[in-house]
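Below is data-v4.txt, which holds compact mmCIF, C-alpha atoms.
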```txt
# COMPACT_ATOMS: atom_id res chain seq x y z
CA MET A 1299 12.49 6.81 5.36
CA SER A 1300 13.28 6.28 1.71
CA THR A 1301 15.59 8.68 -0.04
CA GLU A 1302 13.79 7.98 -3.31
CA THR A 1303 11.16 10.49 -4.35
CA PRO A 1304 9.19 8.91 -7.20
CA CYS A 1305 6.78 11.81 -7.41
CA ALA A 1306 7.01 15.46 -6.55
CA VAL A 1307 4.67 16.42 -3.75
CA ASN A 1308 1.89 18.69 -4.87
CA PHE A 1309 1.60 20.90 -1.77
CA LYS A 1310 -1.51 22.59 -3.19
CA LYS A 1311 -3.20 19.19 -3.21
CA VAL A 1312 -2.08 18.59 0.40
CA ASP A 1313 -3.45 22.02 1.34
CA ASP A 1314 -6.77 21.17 -0.34
CA ILE A 1315 -6.97 17.88 1.60
CA ILE A 1316 -6.22 19.64 4.90
CA ALA A 1317 -8.78 22.35 4.14
CA SER A 1318 -11.47 19.82 3.20
CA ILE A 1319 -11.02 17.82 6.41
CA GLY A 1320 -9.99 20.61 8.77
CA ALA A 1321 -6.55 21.54 10.07
CA LYS A 1322 -7.14 20.08 13.51
CA LYS A 1323 -5.03 17.66 15.48
CA GLN A 1324 -7.92 15.21 15.82
CA ASN A 1325 -8.19 15.01 12.00
CA LEU A 1326 -4.61 13.86 11.46
CA ILE A 1327 -5.40 10.25 10.61
CA ALA A 1328 -8.09 11.24 8.12
CA ILE A 1329 -5.68 13.72 6.53
CA LEU A 1330 -2.94 11.09 6.27
CA GLN A 1331 -5.42 8.62 4.75
CA LYS A 1332 -6.44 11.11 2.05
CA VAL A 1333 -2.83 12.10 1.32
CA GLN A 1334 -1.88 8.43 0.99
CA GLU A 1335 -4.86 7.85 -1.30
CA GLU A 1336 -3.68 10.75 -3.48
CA PHE A 1337 0.01 9.75 -3.73
CA ARG A 1338 -0.31 5.97 -3.04
CA PHE A 1339 2.04 6.46 -0.06
CA LEU A 1340 3.05 9.16 2.43
CA PRO A 1341 5.95 11.12 0.98
CA GLN A 1342 8.46 12.40 3.55
CA GLU A 1343 7.91 15.95 2.31
CA ALA A 1344 4.15 15.67 2.82
CA ILE A 1345 4.59 14.36 6.37
CA ALA A 1346 6.84 17.29 7.28
CA TYR A 1347 4.50 19.73 5.56
CA ILE A 1348 1.43 18.45 7.41
CA GLY A 1349 3.35 18.85 10.67
CA THR A 1350 3.80 22.55 9.93
CA LYS A 1351 0.17 23.12 8.88
CA ILE A 1352 -1.68 21.69 11.87
CA GLU A 1353 -1.44 23.68 15.06
CA GLY A 1354 -0.23 21.66 18.02
CA LEU A 1355 1.62 19.09 15.89
CA SER A 1356 5.21 18.80 14.80
CA PRO A 1357 6.56 16.93 11.77
CA ALA A 1358 8.03 14.37 14.21
CA GLU A 1359 4.59 13.70 15.72
CA VAL A 1360 3.05 13.27 12.27
CA TYR A 1361 5.85 10.86 11.37
CA GLY A 1362 5.19 8.96 14.62
CA VAL A 1363 1.54 8.48 13.71
CA ALA A 1364 2.39 7.55 10.11
CA THR A 1365 4.83 4.86 11.26
CA PHE A 1366 2.67 3.55 14.10
CA TYR A 1367 -0.30 2.45 11.98
CA ALA A 1368 0.20 -0.42 9.53
CA GLN A 1369 -2.29 1.14 7.10
CA PHE A 1370 0.23 3.86 6.23
CA SER A 1371 3.14 3.34 3.90
CA LEU A 1372 6.26 5.48 3.58
CA GLU A 1373 7.19 3.62 0.41
CA PRO A 1374 5.32 3.98 -2.87
CA LYS A 1375 2.63 1.38 -3.38
CA GLY A 1376 1.76 -0.12 -6.71
CA LYS A 1377 -1.41 0.53 -8.64
CA TYR A 1378 -2.46 -2.95 -7.54
CA GLU A 1379 -2.00 -3.70 -3.83
CA VAL A 1380 -1.72 -7.45 -3.35
CA LYS A 1381 -2.22 -8.69 0.21
CA CYS A 1382 -1.36 -12.31 0.82
CA CYS A 1383 -2.86 -13.62 4.04
CA ASP A 1384 -0.53 -15.59 6.29
CA GLY A 1385 -2.90 -16.13 9.17
CA THR A 1386 -3.05 -19.61 10.66
CA ALA A 1387 -5.68 -21.07 8.31
CA CYS A 1388 -4.07 -19.56 5.22
CA HIS A 1389 -0.57 -20.56 6.29
CA VAL A 1390 -1.59 -24.16 6.94
CA ARG A 1391 -3.34 -24.29 3.55
CA GLY A 1392 -0.35 -23.02 1.60
CA SER A 1393 -0.21 -19.22 1.55
CA MET A 1394 3.60 -19.04 1.58
CA PRO A 1395 4.09 -20.71 -1.82
CA VAL A 1396 1.61 -18.13 -3.18
CA TYR A 1397 3.58 -15.29 -1.58
CA THR A 1398 6.86 -16.76 -2.85
CA TYR A 1399 5.45 -16.95 -6.38
CA LEU A 1400 4.38 -13.28 -6.21
CA THR A 1401 7.72 -12.03 -4.93
CA GLN A 1402 9.56 -14.00 -7.62
CA ARG A 1403 7.13 -12.91 -10.35
CA PHE A 1404 7.77 -9.24 -9.55
CA ASN A 1405 11.49 -9.69 -8.80
CA LEU A 1406 11.05 -8.25 -5.32
CA GLU A 1407 14.31 -8.14 -3.42
CA GLU A 1408 14.50 -8.41 0.38
CA GLY A 1409 12.88 -5.33 1.92
CA LYS A 1410 11.21 -4.22 -1.35
CA PHE A 1411 7.49 -4.59 -1.78
CA THR A 1412 6.70 -2.78 -5.04
CA SER A 1413 7.56 -3.91 -8.55
CA LYS A 1414 10.02 -1.75 -10.48
CA ASP A 1415 7.27 -0.71 -12.92
CA GLY A 1416 5.16 0.52 -10.00
CA LEU A 1417 2.25 -1.68 -11.01
CA PHE A 1418 2.16 -4.16 -8.10
CA SER A 1419 2.85 -4.05 -4.36
CA VAL A 1420 2.93 -7.32 -2.47
CA GLU A 1421 2.70 -7.77 1.28
CA THR A 1422 1.75 -10.43 3.77
CA VAL A 1423 -0.88 -9.67 6.36
CA SER A 1424 -1.68 -11.49 9.58
CA CYS A 1425 -5.33 -12.15 8.83
CA LEU A 1426 -7.91 -11.04 6.30
CA GLY A 1427 -10.85 -12.59 8.14
CA ALA A 1428 -11.68 -15.07 5.39
CA CYS A 1429 -10.33 -18.25 6.98
CA GLY A 1430 -12.98 -20.47 5.37
CA LEU A 1431 -11.67 -19.41 1.95
CA ALA A 1432 -8.00 -19.98 2.77
CA PRO A 1433 -5.51 -19.30 1.39
CA VAL A 1434 -6.73 -15.84 0.44
CA VAL A 1435 -5.23 -13.05 -1.62
CA VAL A 1436 -6.83 -9.60 -1.76
CA ILE A 1437 -6.03 -7.29 -4.66
CA ASN A 1438 -7.31 -3.71 -4.32
CA GLY A 1439 -10.05 -4.92 -2.01
CA LYS A 1440 -11.21 -7.86 -4.16
CA VAL A 1441 -10.96 -11.24 -2.44
CA TYR A 1442 -9.48 -14.18 -4.34
CA PRO A 1443 -10.17 -17.42 -2.43
CA GLN A 1444 -8.33 -20.74 -2.35
CA MET A 1445 -5.23 -19.42 -4.07
CA THR A 1446 -2.36 -21.56 -5.28
CA PRO A 1447 0.69 -20.36 -7.19
CA ASP A 1448 -1.02 -21.47 -10.44
CA ALA A 1449 -4.30 -19.75 -9.54
CA VAL A 1450 -2.67 -16.46 -8.56
CA LYS A 1451 -0.62 -16.58 -11.78
CA ILE A 1452 -3.87 -16.58 -13.77
CA VAL A 1453 -5.19 -13.61 -11.74
CA ILE A 1454 -1.97 -11.62 -12.22
CA ASP A 1455 -1.76 -12.52 -15.93
CA THR A 1456 -5.33 -11.24 -16.37
CA ILE A 1457 -4.53 -7.94 -14.65
CA VAL A 1458 -1.35 -7.49 -16.72
CA ALA A 1459 -3.27 -8.23 -19.94
CA GLN A 1460 -5.93 -5.65 -19.01
CA GLU A 1461 -3.20 -3.09 -18.31
CA GLN A 1462 -1.63 -3.72 -21.72
CA GLU A 1463 -5.00 -3.32 -23.45
CA GLY A 1464 -5.96 -0.11 -21.80
```
Now, as a test, write the supplied structure out as structure tokens.
Amino acid sequence: MSTETPCAVNFKKVDDIIASIGAKKQNLIAILQKVQEEFRFLPQEAIAYIGTKIEGLSPAEVYGVATFYAQFSLEPKGKYEVKCCDGTACHVRGSMPVYTYLTQRFNLEEGKFTSKDGLFSVETVSCLGACGLAPVVVINGKVYPQMTPDAVKIVIDTIVAQEQEG
């Protein structure tokens, strides 16, 4: 797990999430989803805390669930989550140059997925189920079809401009 703690964990907020869903073992995934939604990742402190609040679970078991499912992140995610598909159709149609552009644009070093300003996270995914639109990039759930490095640059420039305006 990361030793960086970009935000202090608001344990009252975690308690509210647990209370709203129910402090039961079978609700763990829903609780983790809500906590991640709140903090944009699963802080180590929150994982340990949840493990002490739900009867029948330990912090180690919560950590095991959090690391098993790809939907959970132990590292902070950016405000904009960029998923670059590298499934077969996307790969064949040029998804890797798009991914390379994104990692260079945000100066992402090996093993880092979030820009230093915390605005963008970039990851590759195995398939987004939009093969006919390949190569595909999804940003916060919005699908951008037939991406090229030049096309994704326009999308990112637009997002950055909107951020600077507002």
Q) Near Val1360 in chain A, counting all atoms listed in the file, which residues have an atom at most 12 Å away, once you skip same-chain residues fewer than 2 positions from it, shown as a VMD selection string? A) chain A and resid 1323 to 1327 1329 to 1330 1340 to 1358 1362 to 1367 1370
Q. Of the candidates A:Val1436, A:Leu1431, A:Ala1317, A:Val1333, which shows the shortest atom-to-atom distance to Arg1391 in chain A, using only C-alpha atoms?
A. A:Leu1431
Quick one: residues within 10 Å of (-0.5, 6.8, -3.9) (file frame), counting only C-alpha atoms, please, as a PDB file with C-alpha atoms, keeping the file's coordinate frame.
```
ATOM      1  CA  CYS A1305       6.780  11.810  -7.410  1.00  0.00           C
ATOM      2  CA  LYS A1332      -6.440  11.110   2.050  1.00  0.00           C
ATOM      3  CA  VAL A1333      -2.830  12.100   1.320  1.00  0.00           C
ATOM      4  CA  GLN A1334      -1.880   8.430   0.990  1.00  0.00           C
ATOM      5  CA  GLU A1335      -4.860   7.850  -1.300  1.00  0.00           C
ATOM      6  CA  GLU A1336      -3.680  10.750  -3.480  1.00  0.00           C
ATOM      7  CA  PHE A1337       0.010   9.750  -3.730  1.00  0.00           C
ATOM      8  CA  ARG A1338      -0.310   5.970  -3.040  1.00  0.00           C
ATOM      9  CA  PHE A1339       2.040   6.460  -0.060  1.00  0.00           C
ATOM     10  CA  LEU A1340       3.050   9.160   2.430  1.00  0.00           C
ATOM     11  CA  PRO A1341       5.950  11.120   0.980  1.00  0.00           C
ATOM     12  CA  SER A1371       3.140   3.340   3.900  1.00  0.00           C
ATOM     13  CA  GLU A1373       7.190   3.620   0.410  1.00  0.00           C
ATOM     14  CA  PRO A1374       5.320   3.980  -2.870  1.00  0.00           C
ATOM     15  CA  LYS A1375       2.630   1.380  -3.380  1.00  0.00           C
ATOM     16  CA  GLY A1376       1.760  -0.120  -6.710  1.00  0.00           C
ATOM     17  CA  LYS A1377      -1.410   0.530  -8.640  1.00  0.00           C
TER      18      LYS A1377
END
```
Q) At what distance in Å, to one decimal, does CA of Ser1424 in chain A lie from CA of Val1458 in chain A? A)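 Pair CA of Val1458 in chain A / CA of Ser1424 in chain A returns 26.6 Å.
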Q.
Between CA of Gln1444 in chain A and CA of Glu1421 in chain A, what distance in Å does the model show, to one decimal?
A. 17.4 Å
Q) So what do you get for CA of Gln1460 in chain A versus CA of Leu1417 in chain A, distance-wise? A)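 Atom-to-atom, CA of Gln1460 in chain A and CA of Leu1417 in chain A are spaced 12.1 Å apart.
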Q: Kindly indicate which residue among A:Glu1407, A:Glu1463, A:Asp1415, A:Glu1379 lies nearest to Val1441 in chain A, using only C-alpha atoms for the distances.
A: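 Going through A:Glu1407, A:Glu1463, A:Asp1415, A:Glu1379 one by one, the smallest distance to Val1441 in chain A is for A:Glu1379.
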(Q) Residues near Phe1411 in chain A, anyone? I mean within 7 Å using all atoms listed in the file, not counting same-chain ones fewer than 3 positions away, as a ChimeraX atom specification. (A) /A:1406,1419-1421
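Within the 12 Å cut-off around Cys1388 in chain A, using all atoms listed in the file and omitting residues fewer than 5 positions from it on the same chain, the listed residues are Cys1382, Cys1383, Ser1393, Met1394, Pro1395, Val1396, Tyr1397, Thr1422, Val1423, Ser1424, Cys1425, Leu1426, Gly1427, Ala1428, Cys1429, Gly1430, Leu1431, Ala1432, Pro1433, Val1434, Val1435, Pro1443, Gln1444, Met1445 and Thr1446 of chain A.
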Q.
With all atoms listed in the file as the counted atoms, please give the residues lying no more than 9 Å from Tyr1399 in chain A, apart from itself and same-chain residues fewer than 5 positions off, as a list in words.
A.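 Skipping anything fewer than 5 positions along the chain leaves Met1394, Phe1404, Pro1447, Asp1448, Val1450 and Lys1451 of chain A.
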Q | Pick from A:Lys1322, A:His1389, A:Lys1311, A:Lys1381, whichever lies nearest to Gly1439 in chain A using only C-alpha atoms | A |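 Of all the options, A:Lys1381 lies closest to Gly1439 in chain A.
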